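Printed here is data05.cif (mmCIF, C-alpha atoms):
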data_run
#
loop_
_atom_site.label_atom_id
_atom_site.label_comp_id
_atom_site.auth_asym_id
_atom_site.auth_seq_id
_atom_site.Cartn_x
_atom_site.Cartn_y
_atom_site.Cartn_z
CA LEU A 1 10.77 -3.27 8.02
CA TRP A 2 7.21 -3.82 9.27
CA GLN A 3 7.40 -7.51 8.27
CA ARG A 4 10.63 -7.91 10.23
CA ARG A 5 9.02 -6.30 13.28
CA LEU A 6 6.02 -8.63 13.02
CA VAL A 7 8.34 -11.64 13.00
CA GLU A 8 10.35 -10.29 15.92
CA GLN A 9 7.20 -9.76 18.01
CA ALA A 10 5.41 -13.02 17.12
CA ASP A 11 5.17 -15.72 19.78
CA ALA A 12 5.43 -18.40 17.10
CA VAL A 13 6.35 -18.51 13.42
CA ILE A 14 4.76 -21.24 11.30
CA ILE A 15 6.79 -22.60 8.39
CA PRO A 16 5.94 -25.43 5.95
CA SER A 17 9.28 -27.27 6.26
CA ALA A 18 12.57 -27.27 8.12
CA PHE A 19 14.22 -26.18 4.87
CA ALA A 20 12.01 -23.07 4.80
CA GLY A 21 13.34 -22.10 8.22
CA GLU A 22 16.92 -22.62 7.10
CA ARG A 23 16.39 -20.48 4.03
CA LEU A 24 14.79 -17.68 6.03
CA ARG A 25 17.75 -17.66 8.42
CA GLU A 26 20.14 -17.48 5.46
CA LEU A 27 18.23 -14.42 4.30
CA GLY A 28 18.69 -12.79 7.68
CA ALA A 29 15.23 -13.26 9.18
CA PRO A 30 15.24 -13.04 13.00
CA LEU A 31 13.96 -16.55 13.71
CA PRO A 32 15.02 -18.11 17.04
CA SER A 33 14.59 -21.87 16.85
CA GLU A 34 12.31 -21.95 19.91
CA ARG A 35 9.72 -19.84 18.07
CA LEU A 36 9.80 -21.84 14.84
CA HIS A 37 7.09 -24.45 14.29
CA VAL A 38 7.03 -26.68 11.20
CA LEU A 39 3.46 -27.25 10.05
CA ALA A 40 2.96 -28.79 6.62
CA PRO A 41 0.02 -27.74 4.43
CA PRO A 42 -3.01 -30.01 4.96
CA VAL A 43 -3.44 -32.75 2.35
CA ARG A 44 -6.35 -35.18 2.48
CA LEU A 45 -5.46 -38.85 1.99
CA VAL A 46 -7.12 -40.71 -0.87
CA GLY A 47 -5.91 -44.28 -1.27
CA ALA A 48 -5.07 -45.55 -4.76
CA ALA A 49 -7.91 -48.04 -4.73
CA SER A 50 -10.46 -45.38 -3.72
CA ALA A 51 -9.11 -42.95 -6.28
CA SER A 52 -9.35 -45.41 -9.13
CA ALA A 53 -12.82 -46.49 -8.09
CA SER A 54 -14.07 -42.90 -8.14
CA ALA A 55 -12.31 -41.84 -11.34
CA SER A 56 -13.95 -43.15 -14.48
CA GLY A 57 -11.60 -45.27 -16.56
CA ALA A 58 -8.67 -44.99 -14.16
CA SER A 59 -6.91 -48.15 -13.08
CA GLY A 60 -4.92 -47.11 -9.99
CA ALA A 61 -1.27 -46.47 -9.30
CA SER A 62 -0.12 -50.09 -9.49
CA ASP A 63 -1.57 -50.55 -13.00
CA GLY A 64 -0.88 -47.06 -14.35
CA SER A 65 0.49 -46.64 -17.81
CA TYR A 66 2.34 -43.32 -17.63
CA ALA A 67 4.38 -40.94 -15.50
CA LEU A 68 2.75 -37.70 -14.43
CA VAL A 69 4.15 -34.21 -13.87
CA VAL A 70 1.90 -31.53 -12.37
CA SER A 71 3.76 -28.25 -12.58
CA ARG A 72 4.04 -24.74 -13.88
CA LEU A 73 5.95 -24.98 -17.16
CA ALA A 74 8.96 -22.88 -16.18
CA PRO A 75 12.71 -23.65 -16.37
CA GLU A 76 13.13 -24.08 -12.61
CA LYS A 77 10.54 -26.87 -12.52
CA GLY A 78 12.68 -29.28 -14.55
CA VAL A 79 9.93 -30.58 -16.83
CA ASP A 80 12.53 -30.94 -19.58
CA VAL A 81 14.39 -33.38 -17.32
CA ALA A 82 11.19 -35.40 -16.89
CA ILE A 83 10.74 -35.56 -20.66
CA ASP A 84 14.29 -36.82 -21.18
CA ALA A 85 14.03 -39.28 -18.28
CA CYS A 86 10.77 -40.80 -19.51
CA ARG A 87 12.25 -41.13 -22.99
CA ILE A 88 15.18 -43.06 -21.48
CA ALA A 89 12.91 -45.19 -19.27
CA GLY A 90 10.50 -45.93 -22.11
CA LEU A 91 7.45 -44.73 -20.15
CA PRO A 92 4.87 -42.29 -21.55
CA LEU A 93 4.61 -38.94 -19.78
CA VAL A 94 1.59 -36.75 -19.11
CA VAL A 95 2.27 -33.10 -18.26
CA ALA A 96 -0.47 -31.10 -16.51
CA GLY A 97 0.11 -27.36 -16.25
CA ASP A 98 0.93 -24.30 -18.29
CA GLY A 99 3.59 -21.62 -18.36
CA PRO A 100 6.22 -19.77 -20.39
CA GLU A 101 8.13 -22.90 -21.40
CA ARG A 102 5.13 -24.61 -22.99
CA GLU A 103 6.21 -24.32 -26.62
CA ALA A 104 9.88 -25.07 -25.92
CA LEU A 105 8.86 -28.21 -24.00
CA ARG A 106 6.52 -29.31 -26.77
CA GLU A 107 9.41 -28.97 -29.22
CA ARG A 108 11.70 -30.97 -26.93
CA ALA A 109 9.08 -33.73 -26.70
CA ARG A 110 8.46 -34.07 -30.44
CA ASP A 111 10.19 -37.46 -30.61
CA ALA A 112 8.93 -38.67 -27.23
CA ASP A 113 5.65 -40.13 -25.98
CA VAL A 114 4.49 -37.02 -24.09
CA ARG A 115 0.99 -35.62 -23.76
CA PHE A 116 0.44 -32.02 -22.64
CA VAL A 117 -3.00 -31.55 -21.10
CA GLY A 118 -2.65 -27.94 -19.90
CA ARG A 119 -4.29 -26.70 -16.74
CA VAL A 120 -6.91 -29.09 -15.40
CA ASP A 121 -9.56 -28.91 -12.69
CA ASP A 122 -9.44 -30.94 -9.49
CA ALA A 123 -11.60 -33.78 -10.84
CA GLU A 124 -9.45 -34.24 -13.94
CA LEU A 125 -6.28 -34.02 -11.87
CA ALA A 126 -7.57 -36.80 -9.59
CA ARG A 127 -8.35 -38.90 -12.67
CA LEU A 128 -4.86 -38.35 -14.08
CA ARG A 129 -3.22 -39.29 -10.79
CA ALA A 130 -5.39 -42.38 -10.42
CA GLY A 131 -4.28 -43.59 -13.86
CA ALA A 132 -0.55 -42.91 -13.41
CA ALA A 133 2.20 -45.36 -12.48
CA ILE A 134 4.40 -42.71 -10.86
CA ALA A 135 4.47 -38.97 -10.20
CA LEU A 136 7.57 -36.87 -10.84
CA ALA A 137 8.78 -33.71 -9.09
CA PRO A 138 11.96 -32.90 -11.05
CA SER A 139 12.49 -29.35 -9.74
CA ARG A 140 15.79 -27.58 -10.20
CA SER A 141 14.83 -24.90 -7.67
CA ALA A 142 14.58 -25.36 -3.91
CA GLU A 143 10.91 -25.98 -3.16
CA THR A 144 9.82 -24.83 0.29
CA PHE A 145 7.46 -27.82 0.51
CA GLY A 146 6.38 -29.75 -2.60
CA LEU A 147 2.58 -29.79 -2.64
CA ALA A 148 2.21 -31.61 -5.96
CA ALA A 149 4.40 -34.45 -4.65
CA ALA A 150 2.44 -34.61 -1.39
CA GLU A 151 -0.91 -34.73 -3.19
CA ALA A 152 0.31 -37.56 -5.43
CA MET A 153 1.61 -39.49 -2.42
CA ALA A 154 -1.76 -38.99 -0.70
CA MET A 155 -3.34 -40.91 -3.59
CA GLY A 156 -0.92 -43.81 -3.19
CA LEU A 157 1.36 -42.88 -6.10
CA PRO A 158 5.09 -43.54 -5.80
CA VAL A 159 7.07 -40.33 -6.36
CA ALA A 160 10.50 -39.65 -7.82
CA ALA A 161 11.83 -36.19 -7.02
CA SER A 162 14.90 -33.98 -7.05
CA ARG A 163 17.03 -33.90 -3.93
CA VAL A 164 16.55 -30.15 -3.44
CA GLY A 165 14.85 -27.87 -0.95
CA ALA A 166 12.20 -29.50 1.22
CA LEU A 167 11.54 -32.46 -1.08
CA PRO A 168 13.90 -34.76 0.90
CA GLU A 169 11.74 -34.11 3.97
CA LEU A 170 8.75 -35.48 2.08
CA VAL A 171 9.97 -38.12 -0.39
CA ASP A 172 11.66 -41.38 0.64
CA GLU A 173 15.37 -41.76 -0.07
CA GLU A 174 14.70 -44.35 -2.78
CA GLY A 175 12.80 -41.74 -4.78
CA LEU A 176 15.36 -38.92 -4.59
CA VAL A 177 17.78 -38.08 -7.41
CA PRO A 178 20.18 -35.20 -8.17
CA ALA A 179 18.40 -32.22 -9.71
CA GLY A 180 18.82 -32.03 -13.48
CA ASP A 181 20.02 -35.63 -13.84
CA ALA A 182 17.77 -37.32 -16.41
CA GLU A 183 19.64 -40.64 -16.23
CA ALA A 184 19.19 -40.84 -12.46
CA LEU A 185 15.52 -39.88 -12.75
CA ALA A 186 15.01 -42.55 -15.42
CA ALA A 187 16.53 -45.15 -13.08
CA ALA A 188 14.16 -44.05 -10.30
CA ILE A 189 11.21 -44.26 -12.68
CA THR A 190 12.18 -47.80 -13.68
CA ARG A 191 12.65 -48.74 -10.03
CA LEU A 192 9.44 -47.25 -8.64
CA ALA A 193 6.80 -47.05 -11.38
CA GLY A 194 3.79 -49.16 -10.43
CA ASP A 195 5.29 -50.13 -7.06
CA ARG A 196 2.24 -50.46 -4.81
CA GLU A 197 4.31 -50.88 -1.64
CA ALA A 198 6.28 -47.70 -2.37
CA GLY A 199 3.00 -45.90 -2.92
CA GLU A 200 1.64 -47.14 0.40
CA ARG A 201 4.78 -46.04 2.23
CA GLY A 202 4.49 -42.61 0.68
CA SER A 203 0.83 -42.39 1.65
CA GLU A 204 1.66 -43.24 5.25
CA ARG A 205 4.45 -40.69 5.29
CA VAL A 206 2.38 -37.84 3.90
CA GLY A 207 -0.47 -38.81 6.21
CA ALA A 208 1.74 -38.44 9.25
CA MET A 209 2.94 -35.03 8.02
CA CYS A 210 -0.05 -33.52 6.23
CA ALA A 211 -3.36 -35.18 7.12
CA PRO A 212 -5.80 -32.49 8.31
CA GLU A 213 -5.96 -34.04 11.78
CA ALA A 214 -2.16 -33.98 11.99
CA VAL A 215 -1.85 -30.27 11.19
CA SER A 216 -4.96 -28.93 12.92
#
Would you kindly transcribe this structure into structure tokens?
Amino acid sequence: LWQRRLVEQADAVIIPSAFAGERLRELGAPLPSERLHVLAPPVRLVGAASASASASGASGASDGSYALVVSRLAPEKGVDVAIDACRIAGLPLVVAGDGPEREALRERARDADVRFVGRVDDAELARLRAGAAIALAPSRSAETFGLAAAEAMAMGLPVAASRVGALPELVDEEGLVPAGDAEALAAAITRLAGDREAGERGSERVGAMCAPEAVS
């Protein structure tokens, strides 16, 4: 009740995406459109060339040798779909993150070229992104923003993502696929992996939405 009253009395309500506002309205939150303001989380741009220069041994998005998923290992995140899609596309997959599905996903990936690296710090995550050909956001659930996708785009990585939640507000149409569809995700991987121009378009898009100066 007190949270509802705070919302009712606020002059402005900040949300990370238009989808987040729609979902709140569906849940009955009193949110008049004139008081809603979409403000994405700040994400600092790091071009692919700069990232690869600063990350030892990394070669940059256009020369990357694997797909990358950065996610909690839970059913709603669709990491199993990424494993199947990369198997179909013939591209190795690196999975950064941990969670309750870890062992089940390892079992699923036994006959695939998948490397699980667990939770990593920011420096290692930057190195992994700098060495990837594409980042994947295969969520089954409706993300209210999609920070992992935005951070990959900020480094110049092309991104393939599920068409759910707020991800279509962030990712270009060419990178969107139906949630849970490994065949469609594999086709997007084949189409976009190592595509420098797609990475640059994504960097420009996330810069316009999320650069610190754009959201300050």
Do you know which residues are at most 7 Å from A:Ala96 counting all atoms listed in the file, after dropping those on the same chain fewer than 6 positions away, and could you put them as a list of chain:residue names?
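Residues meeting the cut-off are A:Val69, A:Val70, A:Ser71, A:Phe116, A:Val117, A:Gly118, A:Arg119, A:Val120.
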Env of A:Gly175: 12 Å cut, atoms = all atoms listed in the file, seq-sep filter 5 positions within chain, self excluded. Answer as an MDAnalysis selection string.
chainID A and resid 134:138 149 153 157:163 167:170 184:193 195 198:199 201:202
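Checking A:Gly78, A:Leu91, A:Phe145, A:Leu68 one by one against A:Leu125, counting all atoms listed in the file, you find the shortest gap at A:Leu68.
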Determine the nearest neighbour of A:Ala130 from the options A:Ala67, A:Ala166, A:Val95, A:Ala89, counting only C-alpha atoms.
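For A:Ala130, the nearest of the given residues is A:Ala67.
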Contacts of A:Val206 within 7 Å, all atoms listed in the file, excl. fewer than 3 positions in-chain, as a list of chain:residue names:
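These residues fall inside the cut-off: A:Ala150, A:Met153, A:Ala154, A:Gly202, A:Ser203, A:Met209, A:Cys210.
Compared by their closest atoms to A:Arg72, and using all atoms listed in the file, the residues A:Asp122, A:Asp98, A:Glu22, A:Glu197 rank with A:Asp98 nearest.
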Which residue out of A:Ala152, A:Leu147, A:Cys86, A:Val171 has the minimum interatomic distance to A:Pro41 when only C-alpha atoms are used?
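Of A:Ala152, A:Leu147, A:Cys86, A:Val171, the one nearest A:Pro41 is A:Leu147, counting only C-alpha atoms.
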Please enumerate the residues selected by the PyMOL selection byres ((chain A and resi 142) around 6) when evaluated against the supplied file, formatted as a list in words.
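Applied to this file, the PyMOL selection byres ((chain A and resi 142) around 6) returns Ser141, Glu143, Val164 and Gly165 of chain A.
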With only C-alpha atoms as the basis for distance, which of A:Val114, A:Gly64, A:His37, A:Val79 is at the shortest distance from A:Ile14?
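Of A:Val114, A:Gly64, A:His37, A:Val79, the one nearest A:Ile14, counting only C-alpha atoms, is A:His37.
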Name all residues at most 7 Å from A:Ala40 (count all atoms listed in the file; drop same-chain ones fewer than 2 positions away) and give them as an NGL selection string.
:A and (16-17 or 38 or 42 or 209-210 or 215)
Just write the chosen residues, C-alpha atoms, as a short mmCIF file (atom, residue, chain, number, x, y, z; two decimals), in the frame of the given file.
data_model
loop_
_atom_site.label_atom_id
_atom_site.label_comp_id
_atom_site.auth_asym_id
_atom_site.auth_seq_id
_atom_site.Cartn_x
_atom_site.Cartn_y
_atom_site.Cartn_z
CA PRO A 16 5.94 -25.43 5.95
CA SER A 17 9.28 -27.27 6.26
CA VAL A 38 7.03 -26.68 11.20
CA PRO A 42 -3.01 -30.01 4.96
CA MET A 209 2.94 -35.03 8.02
CA CYS A 210 -0.05 -33.52 6.23
CA VAL A 215 -1.85 -30.27 11.19
#
Which distance in Å separates atom CA of A:Arg44 and atom CA of A:Val177, to one decimal?
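If I compute the distance from atom CA of A:Arg44 to atom CA of A:Val177, I get 26.2 Å.
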Between atom CA of A:Asp84 and atom CA of A:Arg108, what is the distance, to one decimal in Å?
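If I compute the distance from atom CA of A:Asp84 to atom CA of A:Arg108, I get 8.6 Å.
Atom to atom, atom CA of A:Glu204 and atom CA of A:Gly90 stand 28.9 Å apart.
Between A:Arg110 and the residues A:Ile15, A:Ile83, A:Leu73, A:Ala211, the shortest atom-to-atom distance, using only C-alpha atoms, involves A:Ile83.
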Centre and edge lengths, as AutoDock Vina command-line options, for the axis-aligned box enclosing every listed atom of stretch 143-154 of chain A with 5 Å of padding on each of the six sides, in Å to one decimal?
--center_x 4.6 --center_y -32.2 --center_z -2.7 --size_x 22.7 --size_y 24.7 --size_z 16.5
